[in-house]
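The next block is data_17.json, given as JSON, C-alpha atoms.
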```json
[["chain", "number", "residue", "atom", "x", "y", "z"],
["A", 11, "MET", "CA", 7.38, 7.16, -7.28],
["A", 12, "ASN", "CA", 10.67, 7.57, -5.46],
["A", 13, "LEU", "CA", 11.88, 4.59, -3.45],
["A", 14, "THR", "CA", 14.81, 4.51, -1.07],
["A", 15, "ALA", "CA", 17.27, 1.64, -1.38],
["A", 16, "HIS", "CA", 15.71, 0.17, 1.76],
["A", 17, "ALA", "CA", 12.22, 0.33, 0.24],
["A", 18, "GLN", "CA", 13.43, -1.30, -2.98],
["A", 19, "THR", "CA", 14.96, -4.13, -0.99],
["A", 20, "ARG", "CA", 11.81, -4.62, 1.10],
["A", 21, "CYS", "CA", 9.57, -4.63, -1.98],
["A", 22, "GLN", "CA", 11.75, -7.29, -3.54],
["A", 23, "GLN", "CA", 11.91, -9.38, -0.36],
["A", 24, "ARG", "CA", 8.15, -9.18, 0.17],
["A", 25, "SER", "CA", 7.24, -9.66, -3.50],
["A", 26, "ILE", "CA", 5.33, -6.40, -3.85],
["A", 27, "PRO", "CA", 4.87, -5.75, -7.58],
["A", 28, "PRO", "CA", 5.09, -2.21, -9.00],
["A", 29, "LEU", "CA", 1.38, -2.27, -9.89],
["A", 30, "ILE", "CA", 0.40, -2.78, -6.23],
["A", 31, "ARG", "CA", 2.72, 0.07, -5.18],
["A", 32, "GLU", "CA", 1.07, 2.37, -7.72],
["A", 33, "TRP", "CA", -2.40, 1.37, -6.56],
["A", 34, "LEU", "CA", -1.40, 2.01, -2.94],
["A", 35, "LEU", "CA", -0.22, 5.50, -3.81],
["A", 36, "ASN", "CA", -3.27, 6.29, -5.93],
["A", 37, "PHE", "CA", -6.11, 4.57, -4.05],
["A", 38, "GLY", "CA", -4.76, 3.59, -0.62],
["A", 39, "SER", "CA", -6.03, 5.06, 2.63],
["A", 40, "GLU", "CA", -3.50, 6.86, 4.74],
["A", 41, "VAL", "CA", -2.80, 7.40, 8.39],
["A", 42, "ARG", "CA", -0.04, 9.42, 10.05],
["A", 43, "SER", "CA", 2.34, 7.32, 12.12],
["A", 44, "HIS", "CA", 5.51, 8.53, 13.86],
["A", 45, "GLY", "CA", 5.92, 11.49, 11.51],
["A", 46, "ALA", "CA", 5.44, 9.47, 8.33],
["A", 47, "THR", "CA", 2.42, 8.46, 6.28],
["A", 48, "LYS", "CA", 1.34, 4.83, 6.06],
["A", 49, "ARG", "CA", -0.73, 3.84, 3.02],
["A", 50, "PHE", "CA", -2.76, 0.65, 2.98],
["A", 51, "PHE", "CA", -5.90, -0.92, 1.54],
["A", 52, "ASP", "CA", -8.89, -0.82, 3.84],
["A", 53, "ARG", "CA", -12.50, -1.35, 2.84],
["A", 54, "ALA", "CA", -12.89, 2.19, 1.46],
["A", 55, "ALA", "CA", -9.65, 1.97, -0.52],
["A", 56, "ARG", "CA", -10.71, -1.37, -2.01],
["A", 57, "ARG", "CA", -14.00, 0.21, -3.07],
["A", 58, "ARG", "CA", -12.16, 3.08, -4.77],
["A", 59, "LEU", "CA", -9.89, 0.60, -6.51],
["A", 60, "ALA", "CA", -12.84, -1.58, -7.59],
["A", 61, "ALA", "CA", -14.58, 1.46, -9.07],
["A", 62, "SER", "CA", -11.51, 2.14, -11.18],
["A", 63, "VAL", "CA", -10.31, -1.33, -12.26],
["A", 64, "GLY", "CA", -13.33, -3.53, -11.58],
["A", 65, "ALA", "CA", -14.52, -5.63, -8.67],
["A", 66, "GLU", "CA", -13.39, -8.92, -10.18],
["A", 67, "VAL", "CA", -9.80, -7.70, -10.45],
["A", 68, "VAL", "CA", -9.82, -6.66, -6.79],
["A", 69, "ASP", "CA", -11.31, -10.01, -5.75],
["A", 70, "ARG", "CA", -8.67, -11.95, -7.66],
["A", 71, "MET", "CA", -5.78, -9.93, -6.21],
["A", 72, "GLY", "CA", -6.57, -11.27, -2.75],
["A", 73, "ASN", "CA", -3.47, -11.28, -0.53],
["A", 74, "LEU", "CA", -1.55, -8.87, -2.77],
["A", 75, "LEU", "CA", -3.71, -6.11, -1.32],
["A", 76, "ASN", "CA", -2.48, -6.84, 2.22],
["A", 77, "HIS", "CA", 0.61, -4.67, 1.79],
["A", 78, "ASP", "CA", 1.43, -1.20, 3.02],
["A", 79, "LEU", "CA", 3.89, 1.55, 2.18],
["A", 80, "VAL", "CA", 5.43, 4.06, 4.54],
["A", 81, "GLU", "CA", 6.37, 7.37, 2.98],
["A", 82, "GLU", "CA", 8.00, 10.49, 4.24],
["A", 83, "GLY", "CA", 7.15, 13.37, 1.95],
["A", 84, "PRO", "CA", 7.37, 12.21, -1.68],
["A", 85, "VAL", "CA", 9.72, 9.29, -0.87],
["A", 86, "VAL", "CA", 8.67, 5.74, 0.03],
["A", 87, "ILE", "CA", 10.94, 4.67, 2.88],
["A", 88, "THR", "CA", 9.76, 1.11, 3.50],
["A", 89, "ALA", "CA", 7.13, -1.46, 2.55],
["A", 90, "GLY", "CA", 5.55, -4.27, 4.47],
["A", 91, "VAL", "CA", 2.90, -6.93, 4.70],
["A", 92, "ARG", "CA", -0.06, -6.00, 6.86],
["A", 93, "THR", "CA", -0.83, -8.80, 9.30],
["A", 94, "HIS", "CA", -2.74, -6.83, 11.93],
["A", 95, "ARG", "CA", -5.46, -4.25, 11.85],
["A", 96, "ILE", "CA", -4.22, -0.66, 11.62],
["A", 97, "ARG", "CA", -5.71, 1.34, 14.44],
["A", 98, "ARG", "CA", -6.71, 4.90, 13.77],
["A", 99, "PRO", "CA", -6.79, 7.71, 16.33]]
```

Would you mind giving the structure from this file in structure tokens?
Amino acid sequence: MNLTAHAQTRCQQRSIPPLIREWLLNFGSEVRSHGATKRFFDRAARRRLAASVGAEVVDRMGNLLNHDLVEEGPVVITAGVRTHRIRRP
């Protein structure tokens, strides 16, 4: 996973561990937004994750799964905490 310097800073500021970033890239749902791709955990993504690592692990992760990554091509350009519902077209 390639992170820009900005994304590395944001992950550190928002306490997003590398494991969560990997899970977002592997299991997260995606939506196109302003020419980039936003990855996040919705209900379907949590189900995919639970099928892989177990439902108890997903339940215990709680608020750590409320993060999102924005990527442009193969590079993650920023990361954030999801506080509102992501609307899909």

Set the distance at 10 Å and use all atoms listed in the file: which residues neighbour Glu82 of chain A once local chain neighbours fewer than 6 positions away are removed? I'd like the list as a PDB file with C-alpha atoms, in the coordinates of the input.
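After the write, part-v5.pdb holds the following:
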```pdb
ATOM      1  CA  ARG A  42      -0.040   9.420  10.050  1.00  0.00           C
ATOM      2  CA  GLY A  45       5.920  11.490  11.510  1.00  0.00           C
ATOM      3  CA  ALA A  46       5.440   9.470   8.330  1.00  0.00           C
ATOM      4  CA  THR A  47       2.420   8.460   6.280  1.00  0.00           C
ATOM      5  CA  LYS A  48       1.340   4.830   6.060  1.00  0.00           C
ATOM      6  CA  THR A  88       9.760   1.110   3.500  1.00  0.00           C
TER       7      THR A  88
END
```

Note to self: Just checking: using all atoms listed in the file, which residue out of A:Ala60, A:Val68, A:Met11, A:Ala89 ends up closest to Ile26 of chain A?
What the structure shows: A:Ala89

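Coordinates place atom CA of Val86 of chain A at a distance of 26.1 Å from atom CA of Asp69 of chain A.
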
Next item on the list: Rank A:Ala61, A:Ala17, A:Ala55, A:Leu74 by their smallest atom-to-atom distance to Leu35 of chain A, using only C-alpha atoms, and report the top residue only.
Entry: A:Ala55

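If you look at atom CA of Ala54 of chain A and atom CA of Ser39 of chain A, they are 7.5 Å away from each other.
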
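Nearest-residue note for Leu79 of chain A: choosing from A:His44, A:His16, A:Arg31, A:Arg98, the minimum distance belongs to A:Arg31, counting only C-alpha atoms.
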
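Reported to one decimal place, the separation of atom CA of Asp78 of chain A from atom CA of Thr14 of chain A is 15.1 Å.
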
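Restricting the calculation to only C-alpha atoms, the smallest distance between Leu29 of chain A and any of A:Val85, A:Val80, A:Ser43, A:Leu75 is found for A:Leu75.
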
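Look at Ala65 of chain A: the protein and nucleic acid residues within 9 Å of it, using only C-alpha atoms and passing over chain neighbours fewer than 6 places away, are Arg56, Arg57 and Leu59 of chain A.
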
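The shortest atom-to-atom distance to Met71 of chain A, with only C-alpha atoms taken into account, belongs to A:Phe51 out of A:Phe51, A:Gly83, A:Leu13, A:Arg24.
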
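With only C-alpha atoms as the atoms that count, the minimum distance from Phe50 of chain A to the choices A:Gln23, A:Gln18, A:Ser62, A:Thr93 is reached by A:Thr93.
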
Place N, CA and C atoms on segment 32-61 of chain A and deliver the coordinates as a tab-separated table (two decimals), keeping the file's coordinate frame.
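Saved as rebuild_23.tsv:
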```
chain	number	residue	atom	x	y	z
A	32	GLU	N	1.79	1.27	-7.08
A	32	GLU	CA	1.07	2.37	-7.72
A	32	GLU	C	-0.36	2.49	-7.20
A	33	TRP	N	-1.03	1.35	-7.07
A	33	TRP	CA	-2.40	1.37	-6.56
A	33	TRP	C	-2.44	1.89	-5.12
A	34	LEU	N	-1.45	1.50	-4.31
A	34	LEU	CA	-1.40	2.01	-2.94
A	34	LEU	C	-1.26	3.53	-2.92
A	35	LEU	N	-0.41	4.05	-3.77
A	35	LEU	CA	-0.22	5.50	-3.81
A	35	LEU	C	-1.44	6.22	-4.35
A	36	ASN	N	-2.13	5.62	-5.31
A	36	ASN	CA	-3.27	6.29	-5.93
A	36	ASN	C	-4.59	6.09	-5.19
A	37	PHE	N	-4.81	4.90	-4.63
A	37	PHE	CA	-6.11	4.57	-4.05
A	37	PHE	C	-6.07	4.27	-2.55
A	38	GLY	N	-4.89	4.04	-2.00
A	38	GLY	CA	-4.76	3.59	-0.62
A	38	GLY	C	-5.19	4.64	0.40
A	39	SER	N	-5.72	4.18	1.51
A	39	SER	CA	-6.03	5.06	2.63
A	39	SER	C	-4.74	5.38	3.35
A	40	GLU	N	-4.73	6.48	4.05
A	40	GLU	CA	-3.50	6.86	4.74
A	40	GLU	C	-3.77	7.25	6.18
A	41	VAL	N	-2.75	7.02	6.99
A	41	VAL	CA	-2.80	7.40	8.39
A	41	VAL	C	-1.40	7.87	8.77
A	42	ARG	N	-1.33	8.90	9.59
A	42	ARG	CA	-0.04	9.42	10.05
A	42	ARG	C	0.47	8.52	11.18
A	43	SER	N	1.76	8.19	11.12
A	43	SER	CA	2.34	7.32	12.12
A	43	SER	C	3.81	7.70	12.33
A	44	HIS	N	4.13	8.18	13.50
A	44	HIS	CA	5.51	8.53	13.86
A	44	HIS	C	6.14	9.50	12.87
A	45	GLY	N	5.38	10.48	12.41
A	45	GLY	CA	5.92	11.49	11.51
A	45	GLY	C	5.93	11.11	10.05
A	46	ALA	N	5.50	9.92	9.72
A	46	ALA	CA	5.44	9.47	8.33
A	46	ALA	C	3.99	9.13	7.99
A	47	THR	N	3.75	8.83	6.74
A	47	THR	CA	2.42	8.46	6.28
A	47	THR	C	2.43	7.00	5.86
A	48	LYS	N	1.49	6.25	6.41
A	48	LYS	CA	1.34	4.83	6.06
A	48	LYS	C	0.15	4.70	5.13
A	49	ARG	N	0.35	4.08	3.98
A	49	ARG	CA	-0.73	3.84	3.02
A	49	ARG	C	-1.03	2.35	2.96
A	50	PHE	N	-2.32	2.05	2.94
A	50	PHE	CA	-2.76	0.65	2.98
A	50	PHE	C	-4.13	0.55	2.36
A	51	PHE	N	-4.56	-0.68	2.09
A	51	PHE	CA	-5.90	-0.92	1.54
A	51	PHE	C	-6.83	-1.31	2.67
A	52	ASP	N	-7.80	-0.46	2.94
A	52	ASP	CA	-8.89	-0.82	3.84
A	52	ASP	C	-10.13	-0.99	2.98
A	53	ARG	N	-11.26	-1.12	3.60
A	53	ARG	CA	-12.50	-1.35	2.84
A	53	ARG	C	-12.79	-0.20	1.87
A	54	ALA	N	-12.62	1.03	2.32
A	54	ALA	CA	-12.89	2.19	1.46
A	54	ALA	C	-11.91	2.24	0.29
A	55	ALA	N	-10.65	1.95	0.54
A	55	ALA	CA	-9.65	1.97	-0.52
A	55	ALA	C	-9.93	0.87	-1.55
A	56	ARG	N	-10.35	-0.29	-1.08
A	56	ARG	CA	-10.71	-1.37	-2.01
A	56	ARG	C	-11.91	-0.99	-2.87
A	57	ARG	N	-12.85	-0.27	-2.27
A	57	ARG	CA	-14.00	0.21	-3.07
A	57	ARG	C	-13.56	1.19	-4.14
A	58	ARG	N	-12.67	2.12	-3.78
A	58	ARG	CA	-12.16	3.08	-4.77
A	58	ARG	C	-11.42	2.36	-5.88
A	59	LEU	N	-10.63	1.38	-5.52
A	59	LEU	CA	-9.89	0.60	-6.51
A	59	LEU	C	-10.84	-0.18	-7.40
A	60	ALA	N	-11.86	-0.80	-6.81
A	60	ALA	CA	-12.84	-1.58	-7.59
A	60	ALA	C	-13.60	-0.68	-8.56
A	61	ALA	N	-13.88	0.55	-8.17
A	61	ALA	CA	-14.58	1.46	-9.07
A	61	ALA	C	-13.72	1.81	-10.28
```
